[in-house]
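A short worksheet on the structure shown next.
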Amino acid sequence: MGKAEEEQLNQALTAHLNTIHETLQVLDQTPSLEKVTWTQVILIGEQLSKEATIAGMLWNGKAPEAKELEENITSYFNVLQGFLLLSHGSTVGAGPTLSSSIHESVTQVVDCSFRLMKESVSLYGSLNKDKKQSMPQFVGAVWEACSALKKVPATNVIAIGRAMTQVAVSVKDVLREIKELKPASSDLGDEASDDAPTRAESGPEDDLNEVDLGSDLSPEEMKVAQLAQGVVSETVVTIKELIRMITGLLKLETPDDNGKFVDSLEKLLKICQGMGVEIDEIGACLYPPQEISAITLALEKTSSSINEIQQEVESFQTSSKPFVDASSGLRTVLKQMESELIATAQELASKMQNVAVIN
């Protein structure tokens with residue numbers, strides 16, 4: 001294991017790494033002309049896993065010869081180069097959401113490959129014999145990255161559907177939190193009085209209970225929370241029906257699509273994600289002191305989003321009645337809550353005016 005051989009291996013590795021970096025830069029600036037199916041990418045990923053296995057096996061037992069190691073490096077990077085080209089071809093017709101999923105998975109494979117090859121070269125000439133025990137870990141990382149390719153969405157419809165599912169999960173979390181809100185106890189004042197000596201003896205950290213954090217609601221606030229629960233619940237139903245409808249569009253997606261179909265899907269996702277943000281806002285504003293003006297604004301934006309979604313949905317040639325029914329139910333609870341909040345605000349303004357007149 002001479003120094004010259006070690007230097008040659010490092011030079012070879014550097015050359016291959018630079019080639020991959022250059023390839024990535026060229027691909028980023030060059031649109032692919034030929035569509036490649038994701039199945040082809042998965043297959044070459046399996047081939048790359050085998051190359052990683054060979055790289056690991058070289059270090060079972062005695063150290064490999066420099067020539068043997070260099071041949072393995074060359075073979076590995078040739079497959080990696082092919083993987084990048086096929087991955088780039090799979091982005092033909094892909095919208096931002098699908099492209100992002102592809103880019104993330106490809107980056108993971110490349111990063112793990114770099115670490116594996118760098119580790120293999122660093123082992124050559126190393127005086128630490130135990131260091132080669134780390135190779136299975138690096139090989140395993142490549143296996144996992146290549147195996148994860150099977151979970152990447154193969155179409156825009158699937159990618160958009162998964163992204164919307166994440167929004168639905170987030171909205172369901174808000175619904176769960178709203179259900180955990182509870183009214184303030186009517187006997188709270190007496191309990192606080194009875195507990196005064198005990199609280200004085202306890203430390204400050206013992207006082208951090210739910211009452212002190214102001215999570216219990218007055219009857220008026222509880223009413224608002226219950227209305228919000230209805231809105232959030234109907235939002236979950238509406239998003240689920242939207243996902244079902246979009247999944248049904250799978251057959252309409254074709255490789256030679258002019259982009260209008262994918263653009264519509266991306267627009268639906270963006271609006272859906274905006275609804276998720278508004279639902280988060282509503283949930284956050286329910287804790288006392290409740291921010292009624294912010295809740296009202298979020299309700300208005302949600303109502304507007306539903307109108308936009310339905311308008312976009314009508315452009316698809318598919319049955320959308322379940323979604324239309326769900327969105328109709330959401331509109332109903334939105335209007336009901338908006339009316340209740342307006343009535344409450346007017347009642348409060350009237351009371352304040354009466355107090356001002358008396359004074």
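Ligands are numbered from 1 in the order shown, chains are lettered A, B, ... in the order of the structure tokens, and residues start at 1 in each chain.
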
- prompt: Leaving out Asn78 (chain A) and any residue of its chain fewer than 4 positions from it, which residues lie within 12 Å of it when counting only C-alpha atoms, given as a PyMOL selection string?
  reply: chain A and resi 16-17+19-20+23+44+47-48+51+71-74+82-85+113

Take the residues from that selection and put them in a file with C-alpha atoms, as a compact mmCIF listing (two decimals), in the first residue's frame.
# COMPACT_ATOMS: atom_id res chain seq x y z
CA HIS A 16 -15.34 11.03 -10.48
CA LEU A 17 -16.81 13.35 -7.85
CA THR A 19 -17.81 14.59 -13.02
CA ILE A 20 -20.95 13.93 -11.00
CA THR A 23 -23.42 16.38 -14.52
CA ILE A 44 -31.01 1.24 -11.90
CA GLN A 47 -28.14 -1.98 -9.70
CA LEU A 48 -26.46 0.77 -7.68
CA GLU A 51 -22.43 -1.99 -6.69
CA GLU A 71 -12.07 -0.57 -10.84
CA ASN A 72 -14.87 -0.72 -8.28
CA ILE A 73 -14.92 3.07 -7.97
CA THR A 74 -15.12 3.48 -11.75
CA GLY A 82 -26.68 6.49 -15.51
CA PHE A 83 -28.93 6.85 -12.47
CA LEU A 84 -28.72 10.64 -12.71
CA LEU A 85 -29.55 10.67 -16.41
CA SER A 113 -22.80 7.29 -2.62

Write out as a PDB file with N, CA, C and O atoms, in the first residue's frame the residues lying within 10 Å of Ala141 (chain A), counting only C-alpha atoms and excluding same-chain residues fewer than 5 positions away.
ATOM      1  N   SER A  49     -27.355  -0.434  -5.768  1.00  0.00           N
ATOM      2  CA  SER A  49     -27.271  -1.129  -4.473  1.00  0.00           C
ATOM      3  C   SER A  49     -26.311  -2.311  -4.560  1.00  0.00           C
ATOM      4  O   SER A  49     -25.539  -2.581  -3.629  1.00  0.00           O
ATOM      5  N   ALA A  52     -22.844  -1.088  -4.483  1.00  0.00           N
ATOM      6  CA  ALA A  52     -22.484  -0.721  -3.105  1.00  0.00           C
ATOM      7  C   ALA A  52     -22.117  -1.972  -2.308  1.00  0.00           C
ATOM      8  O   ALA A  52     -21.179  -1.953  -1.489  1.00  0.00           O
ATOM      9  N   GLN A 108     -30.425  12.255  -1.948  1.00  0.00           N
ATOM     10  CA  GLN A 108     -30.093  11.314  -0.883  1.00  0.00           C
ATOM     11  C   GLN A 108     -29.202  10.190  -1.404  1.00  0.00           C
ATOM     12  O   GLN A 108     -28.226   9.800  -0.752  1.00  0.00           O
ATOM     13  N   VAL A 109     -29.518   9.663  -2.579  1.00  0.00           N
ATOM     14  CA  VAL A 109     -28.715   8.591  -3.172  1.00  0.00           C
ATOM     15  C   VAL A 109     -27.303   9.091  -3.475  1.00  0.00           C
ATOM     16  O   VAL A 109     -26.310   8.405  -3.192  1.00  0.00           O
ATOM     17  N   ASP A 111     -25.656  11.677  -2.133  1.00  0.00           N
ATOM     18  CA  ASP A 111     -24.921  11.968  -0.890  1.00  0.00           C
ATOM     19  C   ASP A 111     -24.389  10.690  -0.248  1.00  0.00           C
ATOM     20  O   ASP A 111     -23.227  10.632   0.192  1.00  0.00           O
ATOM     21  N   CYS A 112     -25.232   9.661  -0.175  1.00  0.00           N
ATOM     22  CA  CYS A 112     -24.807   8.392   0.427  1.00  0.00           C
ATOM     23  C   CYS A 112     -23.714   7.724  -0.406  1.00  0.00           C
ATOM     24  O   CYS A 112     -22.792   7.105   0.136  1.00  0.00           O
ATOM     25  N   SER A 113     -23.815   7.865  -1.723  1.00  0.00           N
ATOM     26  CA  SER A 113     -22.802   7.291  -2.618  1.00  0.00           C
ATOM     27  C   SER A 113     -21.452   7.963  -2.421  1.00  0.00           C
ATOM     28  O   SER A 113     -20.412   7.300  -2.367  1.00  0.00           O
ATOM     29  N   ARG A 115     -20.379   9.455   0.265  1.00  0.00           N
ATOM     30  CA  ARG A 115     -19.811   9.061   1.567  1.00  0.00           C
ATOM     31  C   ARG A 115     -19.227   7.650   1.511  1.00  0.00           C
ATOM     32  O   ARG A 115     -18.166   7.376   2.101  1.00  0.00           O
ATOM     33  N   LEU A 116     -19.912   6.750   0.805  1.00  0.00           N
ATOM     34  CA  LEU A 116     -19.424   5.370   0.690  1.00  0.00           C
ATOM     35  C   LEU A 116     -18.081   5.328  -0.032  1.00  0.00           C
ATOM     36  O   LEU A 116     -17.131   4.686   0.436  1.00  0.00           O
ATOM     37  N   MET A 135     -17.690   0.150   7.141  1.00  0.00           N
ATOM     38  CA  MET A 135     -18.167   0.014   5.766  1.00  0.00           C
ATOM     39  C   MET A 135     -19.626  -0.476   5.675  1.00  0.00           C
ATOM     40  O   MET A 135     -20.411   0.051   4.866  1.00  0.00           O
ATOM     41  N   PRO A 136     -20.019  -1.482   6.462  1.00  0.00           N
ATOM     42  CA  PRO A 136     -21.416  -1.932   6.379  1.00  0.00           C
ATOM     43  C   PRO A 136     -22.422  -0.806   6.628  1.00  0.00           C
ATOM     44  O   PRO A 136     -23.501  -0.796   6.025  1.00  0.00           O
ATOM     45  N   CYS A 146     -31.602   3.823  -1.948  1.00  0.00           N
ATOM     46  CA  CYS A 146     -32.094   3.226  -3.194  1.00  0.00           C
ATOM     47  C   CYS A 146     -33.446   2.560  -2.986  1.00  0.00           C
ATOM     48  O   CYS A 146     -34.318   2.605  -3.863  1.00  0.00           O
ATOM     49  N   SER A 147     -33.636   1.960  -1.831  1.00  0.00           N
ATOM     50  CA  SER A 147     -34.919   1.326  -1.521  1.00  0.00           C
ATOM     51  C   SER A 147     -36.024   2.376  -1.392  1.00  0.00           C
ATOM     52  O   SER A 147     -37.181   2.134  -1.762  1.00  0.00           O
TER      53      SER A 147
END

Counting only C-alpha atoms, what is within 8 Å of region 225-230 of chain A, bar same-chain residues fewer than 2 positions away, as a PDB file with N, CA and C atoms, in the first residue's frame?
ATOM      1  N   LEU A 175     -58.188  19.823  14.918  1.00  0.00           N
ATOM      2  CA  LEU A 175     -59.490  19.350  15.416  1.00  0.00           C
ATOM      3  C   LEU A 175     -59.333  18.644  16.754  1.00  0.00           C
ATOM      4  N   ILE A 178     -58.790  21.211  19.470  1.00  0.00           N
ATOM      5  CA  ILE A 178     -60.019  21.940  19.819  1.00  0.00           C
ATOM      6  C   ILE A 178     -60.896  21.088  20.732  1.00  0.00           C
ATOM      7  N   LYS A 179     -60.970  19.800  20.448  1.00  0.00           N
ATOM      8  CA  LYS A 179     -61.791  18.900  21.267  1.00  0.00           C
ATOM      9  C   LYS A 179     -61.265  18.796  22.695  1.00  0.00           C
ATOM     10  N   LEU A 181     -60.142  21.330  24.412  1.00  0.00           N
ATOM     11  CA  LEU A 181     -60.487  22.545  25.159  1.00  0.00           C
ATOM     12  C   LEU A 181     -61.674  22.268  26.056  1.00  0.00           C
ATOM     13  N   GLU A 221     -66.671  31.853  25.204  1.00  0.00           N
ATOM     14  CA  GLU A 221     -65.517  31.361  24.446  1.00  0.00           C
ATOM     15  C   GLU A 221     -65.720  29.902  24.041  1.00  0.00           C
ATOM     16  N   MET A 222     -66.360  29.147  24.916  1.00  0.00           N
ATOM     17  CA  MET A 222     -66.625  27.738  24.627  1.00  0.00           C
ATOM     18  C   MET A 222     -67.563  27.604  23.429  1.00  0.00           C
ATOM     19  N   LYS A 223     -68.517  28.531  23.342  1.00  0.00           N
ATOM     20  CA  LYS A 223     -69.449  28.518  22.215  1.00  0.00           C
ATOM     21  C   LYS A 223     -68.702  28.746  20.902  1.00  0.00           C
ATOM     22  N   VAL A 232     -63.803  23.082  11.412  1.00  0.00           N
ATOM     23  CA  VAL A 232     -62.596  22.286  11.182  1.00  0.00           C
ATOM     24  C   VAL A 232     -62.964  20.860  10.782  1.00  0.00           C
ATOM     25  N   SER A 233     -63.993  20.308  11.422  1.00  0.00           N
ATOM     26  CA  SER A 233     -64.444  18.953  11.098  1.00  0.00           C
ATOM     27  C   SER A 233     -64.905  18.864   9.639  1.00  0.00           C
ATOM     28  N   GLU A 234     -65.679  19.849   9.202  1.00  0.00           N
ATOM     29  CA  GLU A 234     -66.153  19.866   7.810  1.00  0.00           C
ATOM     30  C   GLU A 234     -65.010  20.117   6.834  1.00  0.00           C
ATOM     31  N   ILE A 282     -57.156  29.646  13.060  1.00  0.00           N
ATOM     32  CA  ILE A 282     -58.393  29.569  13.847  1.00  0.00           C
ATOM     33  C   ILE A 282     -58.137  28.816  15.149  1.00  0.00           C
ATOM     34  N   GLY A 283     -57.458  27.674  15.049  1.00  0.00           N
ATOM     35  CA  GLY A 283     -57.172  26.883  16.246  1.00  0.00           C
ATOM     36  C   GLY A 283     -56.347  27.647  17.261  1.00  0.00           C
ATOM     37  N   LEU A 286     -58.275  30.352  19.380  1.00  0.00           N
ATOM     38  CA  LEU A 286     -59.358  29.924  20.279  1.00  0.00           C
ATOM     39  C   LEU A 286     -58.961  29.989  21.750  1.00  0.00           C
ATOM     40  N   VAL A 333     -71.436  25.723   7.636  1.00  0.00           N
ATOM     41  CA  VAL A 333     -70.912  25.955   8.987  1.00  0.00           C
ATOM     42  C   VAL A 333     -70.068  27.225   9.034  1.00  0.00           C
ATOM     43  N   MET A 337     -70.941  30.235  11.626  1.00  0.00           N
ATOM     44  CA  MET A 337     -69.980  30.761  12.591  1.00  0.00           C
ATOM     45  C   MET A 337     -69.749  32.250  12.380  1.00  0.00           C
TER      46      MET A 337
END

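Atom to atom, CA of Glu144 (chain A) and CA of Gln29 (chain A) stand 28.6 Å apart.
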
- request: Just give me the gap between CA of Tyr287 (chain A) and CA of Glu177 (chain A) in Å, one decimal is fine.
  value: 10.5 Å

Pull the closest atom pair for each residue of region 83-124 of chain A that gets at most 12 Å from region 264-275 of chain A, along with the distance in Å to one decimal, counting only C-alpha atoms, ordering rows by chain and then ascending residue number, as a tab-separated table.
residue	atom	partner	partner_atom	distance
A:Ala94	CA	A:Glu266	CA	10.6
A:Gly95	CA	A:Glu266	CA	7.2
A:Pro96	CA	A:Glu266	CA	7.7
A:Thr97	CA	A:Glu266	CA	7.5
A:Leu98	CA	A:Glu266	CA	9.9
A:Ser99	CA	A:Glu266	CA	11.8

Contacts of region 291-299 of chain A at 9 Å (only C-alpha atoms; same-chain gap of 3+ positions) as number ranges by chain: A: 224, 231, 275, 277-279, 281-288, 302-304, 334-335, 337-338, 341-342, 345

- request: May I ask which of the residues A:Ile160, A:Leu217, A:Leu58, A:Leu33 is the closest one to Pro289 (chain A), counting only C-alpha atoms?
  value: A:Leu217

- request: as a count of residues only, list the residues of region 101-330 of chain A assigned to helix (DSSP H, G or I) by DSSP on the backbone atoms of this structure.
  value: 177

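Residues in contact with Thr238 (chain A) at 10 Å, where only C-alpha atoms are counted and same-chain residues fewer than 3 positions away are skipped, are listed as Ala168, Val232, Ser233, Glu234, Thr235, Glu241, Leu242, Ile243, Arg244, Ile306, Pro322, Phe323, Val324, Asp325, Ala326, Ser327, Ser328, Gly329 and Leu330 of chain A.
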